[in-house]
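For reference, coords_14.cif (mmCIF, C-alpha atoms):
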```cif
data_protein
#
loop_
_atom_site.label_atom_id
_atom_site.label_comp_id
_atom_site.auth_asym_id
_atom_site.auth_seq_id
_atom_site.Cartn_x
_atom_site.Cartn_y
_atom_site.Cartn_z
CA MET Q 11 72.76 109.88 77.83
CA ASP Q 12 72.92 113.54 78.92
CA ILE Q 13 69.74 115.50 78.28
CA GLU Q 14 70.65 119.15 78.08
CA ASP Q 15 67.09 120.46 78.04
CA VAL Q 16 65.70 120.22 81.54
CA THR Q 17 62.16 120.33 80.19
CA ASP Q 18 62.75 116.90 78.63
CA VAL Q 19 63.64 115.52 82.03
CA LEU Q 20 60.64 117.10 83.72
CA SER Q 21 58.27 115.80 81.05
CA LYS Q 22 58.85 112.20 82.15
CA THR Q 23 57.91 110.26 85.25
CA TYR Q 24 60.39 108.16 87.19
CA ASP Q 25 60.21 105.31 89.65
CA PHE Q 26 63.60 106.13 91.15
CA VAL Q 27 65.39 109.46 91.34
CA ILE Q 28 69.07 109.22 92.25
CA ALA Q 29 70.67 112.31 93.73
CA GLY Q 30 74.29 112.20 92.61
CA GLY Q 31 75.94 110.40 89.71
CA GLU Q 32 78.86 109.43 91.92
CA THR Q 33 80.59 106.11 92.50
CA ALA Q 34 77.60 104.39 94.10
CA GLY Q 35 74.88 106.36 92.30
CA LEU Q 36 75.81 105.20 88.81
CA THR Q 37 76.20 101.63 90.02
CA VAL Q 38 72.70 101.69 91.50
CA ALA Q 39 71.29 103.39 88.39
CA ALA Q 40 72.74 100.75 86.09
CA ARG Q 41 71.51 97.89 88.24
CA LEU Q 42 67.99 99.28 88.63
CA SER Q 43 67.61 100.05 84.93
CA GLU Q 44 68.44 96.46 84.01
CA ASN Q 45 64.71 95.98 84.53
CA PRO Q 46 63.09 97.67 81.51
CA LEU Q 47 59.91 98.23 83.52
CA ILE Q 48 61.72 100.51 85.99
CA THR Q 49 62.45 104.13 85.10
CA VAL Q 50 65.47 105.83 86.64
CA ALA Q 51 66.69 109.42 86.65
CA VAL Q 52 70.16 110.49 87.81
CA LEU Q 53 70.86 114.11 88.73
CA GLU Q 54 74.57 114.97 88.88
CA ALA Q 55 75.87 118.36 89.96
CA GLY Q 56 79.08 118.07 87.96
CA ASN Q 57 79.83 117.61 84.29
CA ASN Q 58 80.13 114.62 82.00
CA THR Q 59 83.89 114.12 82.18
CA ILE Q 60 84.02 110.49 81.03
CA ASP Q 61 86.17 111.16 77.95
CA ASP Q 62 88.00 114.13 79.42
CA PRO Q 63 91.76 113.54 78.97
CA LEU Q 64 92.49 115.09 82.36
CA THR Q 65 90.66 112.29 84.17
CA ALA Q 66 90.82 109.48 81.60
CA ILE Q 67 94.57 109.44 80.94
CA PRO Q 68 96.43 107.91 83.91
CA ALA Q 69 99.61 109.94 83.36
CA ARG Q 70 97.70 113.13 84.21
CA TYR Q 71 96.51 111.98 87.62
CA GLY Q 72 96.40 114.68 90.26
CA GLN Q 73 96.24 117.59 87.82
CA TYR Q 74 92.53 117.95 88.50
CA VAL Q 75 92.91 118.39 92.26
CA GLY Q 76 91.50 121.78 93.22
CA ASN Q 77 90.02 122.35 89.76
CA THR Q 78 86.32 122.99 90.44
CA LYS Q 79 85.29 121.37 87.16
CA TYR Q 80 86.44 118.03 88.53
CA ASP Q 81 86.83 118.57 92.27
CA TRP Q 82 84.43 119.95 94.87
CA GLY Q 83 87.52 121.37 96.57
CA PHE Q 84 86.03 121.44 100.06
CA LEU Q 85 87.99 123.24 102.76
CA THR Q 86 87.93 122.26 106.41
CA THR Q 87 87.40 124.70 109.23
CA LYS Q 88 90.56 126.05 110.85
CA GLN Q 89 92.38 123.16 112.44
CA TYR Q 90 94.49 122.78 115.55
CA SER Q 91 97.68 122.91 113.48
CA ASN Q 92 98.45 126.58 112.88
CA ASP Q 93 94.77 127.33 112.24
CA ARG Q 94 95.20 125.94 108.74
CA LYS Q 95 92.27 125.10 106.50
CA MET Q 96 92.92 121.80 104.76
CA LEU Q 97 91.78 120.83 101.27
CA TRP Q 98 89.36 117.93 101.11
CA SER Q 99 89.19 116.84 97.48
CA ARG Q 100 86.05 115.02 96.34
CA GLY Q 101 85.30 114.03 92.77
CA LYS Q 102 82.77 116.18 90.94
CA GLY Q 103 81.19 114.84 87.77
CA LEU Q 104 79.97 111.49 86.50
CA GLY Q 105 81.71 108.77 88.47
CA GLY Q 106 82.48 111.01 91.43
CA THR Q 107 85.77 110.25 93.14
CA SER Q 108 86.13 107.01 91.18
CA SER Q 109 86.90 109.34 88.26
CA THR Q 110 89.50 111.38 90.16
CA ASN Q 111 91.25 109.03 92.57
CA PHE Q 112 94.85 107.88 92.18
CA PHE Q 113 93.95 104.44 90.76
CA ALA Q 114 94.92 102.23 93.70
CA TRP Q 115 92.35 99.51 94.36
CA SER Q 116 92.15 98.17 97.89
CA ILE Q 117 89.47 96.54 99.98
CA PRO Q 118 88.80 96.44 103.73
CA PRO Q 119 90.03 93.69 106.01
CA ALA Q 120 87.64 90.84 106.72
CA ALA Q 121 87.16 92.00 110.31
CA ASP Q 122 85.81 95.36 109.13
CA ALA Q 123 83.31 93.76 106.78
CA ASP Q 124 82.10 91.40 109.49
CA ALA Q 125 81.75 94.32 111.89
CA PHE Q 126 79.68 96.17 109.31
CA GLU Q 127 77.21 93.31 109.22
CA ARG Q 128 77.03 93.17 113.01
CA LEU Q 129 75.97 96.82 113.02
CA GLY Q 130 72.74 95.75 111.37
CA ASN Q 131 73.52 95.12 107.72
CA PRO Q 132 72.70 91.48 106.91
CA GLY Q 133 74.51 90.08 103.91
CA TRP Q 134 77.41 92.54 104.09
CA ASP Q 135 79.84 90.29 105.91
CA TRP Q 136 83.16 89.17 104.47
CA ASP Q 137 81.80 85.92 103.04
CA GLU Q 138 79.33 87.87 100.93
CA PHE Q 139 81.82 90.54 99.93
CA SER Q 140 82.49 90.22 96.20
CA LEU Q 141 85.36 91.66 94.19
CA THR Q 142 85.19 93.30 90.80
CA ARG Q 143 87.03 91.77 87.87
CA PHE Q 144 90.54 90.69 88.77
CA GLN Q 145 93.34 89.95 86.34
CA GLN Q 146 96.26 87.80 87.42
CA PRO Q 147 99.73 89.17 86.63
CA MET Q 148 101.63 87.77 83.69
CA ASP Q 149 104.49 85.37 84.39
CA GLU Q 150 107.10 88.06 83.80
CA GLN Q 151 105.36 90.31 86.34
CA VAL Q 152 105.32 87.85 89.20
CA GLY Q 153 109.02 88.31 89.94
CA GLU Q 154 108.53 92.06 90.20
CA PHE Q 155 105.39 92.01 92.31
CA GLY Q 156 106.32 89.21 94.65
CA ARG Q 157 104.25 86.10 95.30
CA TYR Q 158 100.52 86.10 94.67
CA ASP Q 159 98.12 83.27 95.28
CA THR Q 160 95.39 82.55 92.78
CA CYS Q 161 92.20 84.37 93.67
CA GLU Q 162 89.48 81.76 93.92
CA GLY Q 163 85.80 82.51 93.63
CA VAL Q 164 86.28 86.00 92.24
CA SER Q 165 83.24 87.18 90.35
CA SER Q 166 83.29 89.13 87.12
CA GLY Q 167 82.45 92.80 87.42
CA THR Q 168 82.42 95.79 85.11
CA VAL Q 169 85.13 97.92 86.73
CA TYR Q 170 88.52 96.49 85.81
CA THR Q 171 91.05 96.20 88.62
CA PRO Q 172 94.10 94.50 87.09
CA ARG Q 173 97.58 94.20 88.49
CA PRO Q 174 99.78 97.05 87.28
CA SER Q 175 101.47 96.21 83.98
CA HIS Q 176 104.89 97.12 85.35
CA MET Q 177 106.57 97.79 88.67
CA ASN Q 178 108.21 101.12 89.44
CA PRO Q 179 111.77 100.55 90.71
CA LEU Q 180 110.97 102.68 93.76
CA ASP Q 181 108.12 100.32 94.65
CA SER Q 182 110.44 97.32 94.47
CA LEU Q 183 113.00 99.17 96.56
CA LEU Q 184 110.45 100.12 99.23
CA GLN Q 185 108.98 96.62 99.46
CA ALA Q 186 112.41 95.04 99.83
CA THR Q 187 113.25 97.56 102.54
CA LEU Q 188 110.01 96.96 104.44
CA THR Q 189 110.64 93.23 104.27
CA ASN Q 190 114.07 93.81 105.82
CA LYS Q 191 112.34 95.86 108.51
CA GLY Q 192 110.32 92.81 109.45
CA ILE Q 193 107.05 93.62 107.68
CA LYS Q 194 105.43 90.48 106.34
CA VAL Q 195 104.85 90.05 102.63
CA LEU Q 196 101.22 89.34 101.77
CA SER Q 197 100.67 86.70 99.12
CA ASP Q 198 97.22 88.10 98.41
CA PRO Q 199 95.92 91.28 100.09
CA TYR Q 200 92.41 90.61 98.79
CA LYS Q 201 91.65 87.65 101.01
CA GLY Q 202 90.86 89.57 104.16
CA ASP Q 203 94.29 90.39 105.62
CA VAL Q 204 95.70 93.78 104.57
CA ASN Q 205 98.43 94.13 107.21
CA GLY Q 206 101.76 93.79 105.47
CA THR Q 207 103.59 94.90 102.34
CA TRP Q 208 101.96 94.35 98.98
CA THR Q 209 101.26 95.90 95.60
CA ALA Q 210 97.71 97.04 94.99
CA SER Q 211 95.67 96.43 91.88
CA SER Q 212 94.78 99.50 89.84
CA THR Q 213 91.63 100.91 88.25
CA ILE Q 214 93.28 101.19 84.85
CA ASP Q 215 92.10 99.30 81.80
CA SER Q 216 95.36 97.63 80.79
CA LYS Q 217 94.16 97.18 77.22
CA ARG Q 218 93.15 100.78 76.56
CA TRP Q 219 95.37 102.48 79.16
CA THR Q 220 92.51 104.59 80.41
CA ARG Q 221 90.79 105.00 83.78
CA THR Q 222 88.00 102.67 84.77
CA SER Q 223 85.32 104.07 87.08
CA SER Q 224 81.66 103.66 87.86
CA ALA Q 225 81.01 105.94 84.87
CA THR Q 226 82.89 103.76 82.38
CA GLY Q 227 82.03 100.47 84.04
CA TYR Q 228 78.34 100.96 84.78
CA LEU Q 229 76.96 104.01 83.00
CA LEU Q 230 78.46 103.64 79.54
CA PRO Q 231 77.16 100.09 78.97
CA ALA Q 232 73.69 101.29 80.06
CA GLN Q 233 73.63 104.68 78.35
CA HIS Q 234 71.26 103.70 75.54
CA ARG Q 235 68.56 102.26 77.77
CA PRO Q 236 65.34 104.21 77.22
CA ASN Q 237 64.41 103.84 80.89
CA LEU Q 238 67.59 105.59 82.15
CA THR Q 239 67.94 109.37 82.13
CA VAL Q 240 71.02 111.30 83.26
CA LEU Q 241 71.12 115.06 83.70
CA THR Q 242 74.43 116.74 84.53
CA ARG Q 243 74.99 120.18 86.09
CA ALA Q 244 71.88 119.52 88.20
CA LEU Q 245 72.54 120.11 91.91
CA VAL Q 246 70.08 118.40 94.24
CA SER Q 247 69.27 120.82 97.06
CA ARG Q 248 66.74 118.89 99.15
CA VAL Q 249 64.42 115.93 99.33
CA VAL Q 250 60.69 116.60 98.91
CA PHE Q 251 58.35 114.74 101.26
CA ALA Q 252 54.66 113.96 101.39
CA ASP Q 253 52.70 115.53 104.23
CA ASN Q 254 53.89 114.07 107.52
CA GLN Q 255 50.56 112.90 108.88
CA ASP Q 256 51.63 111.13 112.08
CA GLY Q 257 54.69 113.21 112.87
CA ASN Q 258 57.02 110.22 112.72
CA THR Q 259 56.92 108.88 109.17
CA LEU Q 260 58.46 110.68 106.21
CA THR Q 261 57.79 109.57 102.65
CA ALA Q 262 60.09 110.94 99.97
CA THR Q 263 58.21 111.89 96.82
CA GLY Q 264 60.98 113.58 94.86
CA VAL Q 265 63.81 116.10 95.00
CA GLU Q 266 64.35 119.77 94.44
CA PHE Q 267 67.32 120.58 92.21
CA ILE Q 268 69.04 123.62 90.76
CA TYR Q 269 69.77 123.78 87.04
CA GLN Q 270 71.25 126.88 85.41
CA GLY Q 271 70.22 129.00 88.38
CA ASN Q 272 66.59 127.86 88.49
CA LYS Q 273 64.93 125.48 90.94
CA TYR Q 274 62.86 122.50 89.82
CA ILE Q 275 61.04 119.58 91.42
CA LEU Q 276 61.45 116.05 90.05
CA GLY Q 277 59.09 113.41 91.37
CA ALA Q 278 59.84 109.79 92.26
CA SER Q 279 56.98 107.30 92.44
CA LYS Q 280 58.97 104.68 94.36
CA GLU Q 281 62.17 105.92 96.01
CA VAL Q 282 64.72 108.70 96.23
CA VAL Q 283 68.32 107.49 96.49
CA LEU Q 284 70.94 109.81 98.02
CA SER Q 285 74.39 109.13 96.61
CA ALA Q 286 75.95 112.58 96.44
CA GLY Q 287 78.92 111.58 98.59
CA THR Q 288 79.88 111.66 102.26
CA ILE Q 289 79.90 115.47 102.37
CA LYS Q 290 76.93 116.38 100.20
CA ASP Q 291 74.52 113.70 101.48
CA PRO Q 292 74.39 115.10 105.04
CA GLN Q 293 74.01 118.60 103.60
CA ILE Q 294 71.03 117.50 101.50
CA LEU Q 295 69.44 115.77 104.49
CA GLU Q 296 69.84 118.81 106.72
CA LEU Q 297 68.47 121.17 104.07
CA SER Q 298 65.55 118.73 103.84
CA GLY Q 299 64.80 119.10 107.55
CA ILE Q 300 66.47 115.91 108.78
CA GLY Q 301 69.19 116.26 111.40
CA GLN Q 302 69.99 117.91 114.71
CA PRO Q 303 67.54 120.58 115.91
CA GLU Q 304 70.29 122.99 116.92
CA VAL Q 305 71.89 122.76 113.47
CA LEU Q 306 68.63 123.20 111.56
CA SER Q 307 67.48 126.14 113.68
CA LYS Q 308 70.64 128.08 112.86
CA ILE Q 309 69.91 127.90 109.14
CA ASN Q 310 66.14 128.45 109.54
CA VAL Q 311 65.16 125.03 108.20
CA GLU Q 312 62.02 123.47 109.63
CA MET Q 313 62.78 120.17 111.33
CA LYS Q 314 60.86 117.28 109.83
CA LEU Q 315 62.73 114.48 111.55
CA GLU Q 316 65.19 114.68 114.44
CA LEU Q 317 68.16 112.51 113.57
CA PRO Q 318 71.25 113.44 115.64
CA GLY Q 319 73.67 111.30 113.63
CA VAL Q 320 73.37 113.33 110.43
CA GLY Q 321 76.72 114.95 109.64
CA GLU Q 322 78.44 113.29 112.59
CA ASN Q 323 81.05 110.55 112.80
CA LEU Q 324 82.37 111.08 109.30
CA GLN Q 325 85.46 109.28 110.52
CA GLU Q 326 86.31 108.79 114.13
CA HIS Q 327 85.35 112.12 115.75
CA ASN Q 328 84.84 114.17 112.58
CA VAL Q 329 81.81 116.22 111.65
CA ALA Q 330 80.31 117.82 108.54
CA ILE Q 331 77.30 120.09 109.05
CA VAL Q 332 75.56 122.86 107.14
CA ILE Q 333 76.12 126.45 108.18
CA SER Q 334 73.91 128.03 105.54
CA GLY Q 335 70.49 127.43 104.06
CA ASP Q 336 71.96 127.97 100.60
CA PRO Q 337 72.62 124.59 98.92
CA LEU Q 338 75.37 126.20 96.85
CA ASP Q 339 77.40 126.93 99.99
CA SER Q 340 79.84 124.34 101.26
CA PRO Q 341 79.12 122.77 104.66
CA ASP Q 342 81.39 123.09 107.66
CA ILE Q 343 83.87 120.21 107.67
CA ASP Q 344 85.79 119.72 110.89
CA PRO Q 345 88.03 116.62 110.91
CA ARG Q 346 89.54 117.90 114.18
CA TYR Q 347 93.09 117.23 113.14
CA PHE Q 348 95.38 117.14 116.20
CA GLU Q 349 92.55 117.96 118.56
CA LYS Q 350 93.80 115.17 120.79
CA GLY Q 351 97.36 114.73 121.92
CA SER Q 352 97.29 111.14 120.69
CA ASP Q 353 96.91 112.40 117.11
CA LEU Q 354 100.28 114.13 117.28
CA GLU Q 355 101.95 111.24 119.09
CA ILE Q 356 100.91 108.88 116.28
CA LEU Q 357 102.43 111.27 113.75
CA VAL Q 358 105.66 111.53 115.74
CA HIS Q 359 105.98 107.74 115.89
CA GLY Q 360 105.27 107.57 112.16
CA ILE Q 361 108.05 110.03 111.38
CA LYS Q 362 110.49 108.08 113.53
CA TYR Q 363 109.51 104.82 111.85
CA MET Q 364 110.02 106.27 108.37
CA ARG Q 365 113.45 107.47 109.45
CA GLY Q 366 114.17 103.88 110.35
CA VAL Q 367 113.05 102.80 106.88
CA ALA Q 368 115.41 105.34 105.34
CA GLU Q 369 118.27 103.80 107.34
CA THR Q 370 117.46 100.26 106.19
CA GLU Q 371 118.92 98.65 103.08
CA PRO Q 372 118.39 98.75 100.18
CA MET Q 373 116.67 102.12 100.69
CA LYS Q 374 119.62 103.51 102.63
CA SER Q 375 122.04 103.13 99.72
CA ALA Q 376 119.54 104.53 97.23
CA LEU Q 377 118.77 107.79 99.01
CA VAL Q 378 120.65 110.98 98.27
CA GLY Q 379 120.50 114.36 100.02
CA GLN Q 380 119.06 114.93 103.46
CA GLU Q 381 115.67 114.93 105.15
CA LEU Q 382 113.60 118.03 104.40
CA LEU Q 383 110.82 117.78 106.98
CA PRO Q 384 110.87 117.87 109.91
CA GLY Q 385 114.63 118.02 109.21
CA PRO Q 386 117.82 116.66 110.76
CA GLN Q 387 117.76 119.36 113.43
CA CYS Q 388 114.63 117.76 114.94
CA MET Q 389 115.85 114.57 116.54
CA ASP Q 390 113.92 114.17 119.79
CA ASP Q 391 110.16 113.88 120.19
CA HIS Q 392 109.76 117.41 121.52
CA ALA Q 393 111.55 118.92 118.52
CA ILE Q 394 109.50 116.83 116.09
CA ARG Q 395 106.26 117.95 117.73
CA GLY Q 396 107.28 121.60 117.60
CA ARG Q 397 108.33 121.42 113.97
CA THR Q 398 105.31 119.40 112.83
CA CYS Q 399 102.56 121.22 114.68
CA PRO Q 400 103.90 124.21 116.68
CA SER Q 401 100.51 125.71 117.51
CA ILE Q 402 99.17 122.75 119.50
CA GLY Q 403 99.09 123.81 123.11
CA HIS Q 404 98.29 120.45 124.66
CA ALA Q 405 101.00 118.58 122.75
#
```
What is this structure when it is put down as structure tokens?
Amino acid sequence: MDIEDVTDVLSKTYDFVIAGGETAGLTVAARLSENPLITVAVLEAGNNTIDDPLTAIPARYGQYVGNTKYDWGFLTTKQYSNDRKMLWSRGKGLGGTSSTNFFAWSIPPAADADAFERLGNPGWDWDEFSLTRFQQPMDEQVGEFGRYDTCEGVSSGTVYTPRPSHMNPLDSLLQATLTNKGIKVLSDPYKGDVNGTWTASSTIDSKRWTRTSSATGYLLPAQHRPNLTVLTRALVSRVVFADNQDGNTLTATGVEFIYQGNKYILGASKEVVLSAGTIKDPQILELSGIGQPEVLSKINVEMKLELPGVGENLQEHNVAIVISGDPLDSPDIDPRYFEKGSDLEILVHGIKYMRGVAETEPMKSALVGQELLPGPQCMDDHAIRGRTCPSIGHA
């Protein structure tokens, strides 16, 4: 599966070159290579961590956060809360963040999926949205989890998302408390309504007690296909284009990547697929000359296509742009935490609501000690704001 000698990779020709063996990249690679007449190459910047105990064993979740073998460990720019730089963890290695997340499996509400289709993506509405493999809880689990309807029309996938095999007493306690607070209990959160209290499925293989990810679910079953090549520790730096004859059309012909400190070009006869993640994809595009003119000029990259949306709108009003022409440098990530007064007000209301949860049975009787943050001395909104985010002038 992994070819350590880069010359072996360069000696072959490929129809598709996939930049990033992340969650989506390995899924696409496995699907494309189902056709034996199509050749596919995957270039992943991280390592092959499929059998690594730190990511495979559920009990060790979170220990890889900040470890650059498994986590890109991006830092934001200084934020509006005490000028702090915040850690943005993103999975690094085969499977991407599906190999480093905290196992909870959730899906968007039906309204979001329908809105996605209306934005110009036919076939991506809720009716066409399919789930991966789903396992119903055993009879003895139903009492712990609450009521669940039978999922009808669920297709079989390769990434297992079963119900947890047992219920933590704290989960049961919290759900009972939320119910007493008036939050509705969802019989099935996978039918389009996610507003309520419910227990999520998990990405844990309940038979082997190991993580399931795009690497285990899609890559491993396809690893012996002769038409699929995967090279790890290969960082894609930019997309290579054919000569832009008319000034408007760009045709990707391959990618440039860095392997053991050297740069190489790998050609693609059909398509280049970018799947390096929400942070790295915009960086690759901008280093390829696609993006905002003012951003590209600062890093001395020739603009090939003006596309203002690159790096923008990561979520709400967030932005991720390159600040260096070096592909090994991290881009600027500015989520603009607490830039607007409404951000802090939402947090204040959230703190007050959770205090209400703590005062509701059965949680009230189960808690010991006192509140740590923002602390019992912060009772009114002004005190909570000052304790939570004292540097925000407009709060």
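Residue nearest Asp18 of chain Q, chosen from Q:Leu129, Q:Val358, Q:Leu229, Q:Val240 and counting all atoms listed in the file: Q:Val240.
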Residues within 12 Å of (93.5, 103.1, 76.7), file coords, only C-alpha atoms, listed as an MDAnalysis selection string: chainID Q and resid 61 63 66:69 213:222
Those same residues, written as a tab-separated table (two decimals), in the coordinates of the input with C-alpha atoms?
```
chain	number	residue	atom	x	y	z
Q	61	ASP	CA	86.17	111.16	77.95
Q	63	PRO	CA	91.76	113.54	78.97
Q	66	ALA	CA	90.82	109.48	81.60
Q	67	ILE	CA	94.57	109.44	80.94
Q	68	PRO	CA	96.43	107.91	83.91
Q	69	ALA	CA	99.61	109.94	83.36
Q	213	THR	CA	91.63	100.91	88.25
Q	214	ILE	CA	93.28	101.19	84.85
Q	215	ASP	CA	92.10	99.30	81.80
Q	216	SER	CA	95.36	97.63	80.79
Q	217	LYS	CA	94.16	97.18	77.22
Q	218	ARG	CA	93.15	100.78	76.56
Q	219	TRP	CA	95.37	102.48	79.16
Q	220	THR	CA	92.51	104.59	80.41
Q	221	ARG	CA	90.79	105.00	83.78
Q	222	THR	CA	88.00	102.67	84.77
```
Shortest interatomic distance to Gly76 of chain Q - which of Q:Tyr90, Q:Trp98, Q:Phe126, Q:Trp136, counting all atoms listed in the file: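 So, comparing all the options, the nearest one is Q:Trp98.
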The PyMOL selection byres ((chain Q and resi 276) around 8) resolved against shown file, as JSON, numbers by chain: {"Q": [20, 27, 264, 265, 266, 267, 274, 275, 277, 278]}
Among listed residues Q:Ser279, Q:Gln233, Q:Ser91, Q:Asn323, nearest Gly396 of chain Q (using only C-alpha atoms):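 The answer is Q:Ser91, which sits nearest to Gly396 of chain Q.
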Reference answer for the PyMOL selection byres ((chain Q and resi 342) around 9), as a PyMOL selection string: chain Q and resi 85-87+329-333+340-341+343-344
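Compared by their closest atoms to Arg243 of chain Q, and using all atoms listed in the file, the residues Q:Asn57, Q:Ser182, Q:Ser375, Q:Ser43 rank with Q:Asn57 nearest.
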Result set, the PyMOL selection byres ((chain Q and resi 92) around 12) on current file, as a PyMOL selection string: chain Q and resi 87-91+93-96+347-349+396-403
Nearby residues (all atoms listed in the file) at most 8 Å from Lys102 of chain Q, same-chain spacing under 2 positions excluded, as a PyMOL selection string: chain Q and resi 32+55-57+78-82+100+104-107
Atom CA of Thr226 of chain Q to atom CA of Trp134 of chain Q, distance in Å rounded to a single decimal: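 Straight-line distance from atom CA of Thr226 of chain Q to atom CA of Trp134 of chain Q works out to 25.0 Å.
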Given all atoms listed in the file as the counted atoms, nearest of Q:Leu184, Q:Leu306, Q:Ile300, Q:Ala125 to Met364 of chain Q: Q:Leu184
Ala123 of chain Q surroundings by only C-alpha atoms, 9 Å radius, close-in-sequence under 3 positions cut, as an MDAnalysis selection string: chainID Q and resid 118:120 126:128 134:137 139
Selection near Ala244 of chain Q, 6 Å with all atoms listed in the file, sequence-local residues under 6 positions removed, as a list in words: Leu53, Glu54, Ala55, Ile268 and Tyr269 of chain Q
Sel. within 12 Å of pt (111.9, 94.8, 96.6), counting only C-alpha atoms, output as a PyMOL selection string: chain Q and resi 153-157+177-191+195+207-209+371-373
Exercise: Tyr71 of chain Q partners within 8 Å, all atoms listed in the file, chain neighbours under 4 positions left out, as a PyMOL selection string: chain Q and resi 64-65+67+110-112
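Minimum atom-to-atom distance to Thr263 of chain Q, evaluated using all atoms listed in the file, belongs to Q:Thr23 out of Q:Arg41, Q:Thr168, Q:Ile117, Q:Thr23.
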Using the file's own x, y and z axes, what box holds all listed atoms of segment 94-112 of chain Q with 3 Å on each side, keeping edges along x, y and z, and what are its centre and edge lengths in Å to one decimal, as lines of an AutoDock Vina configuration file?
```
center_x = 87.6
center_y = 116.5
center_z = 97.6
size_x = 21.2
size_y = 24.9
size_z = 28.2
```
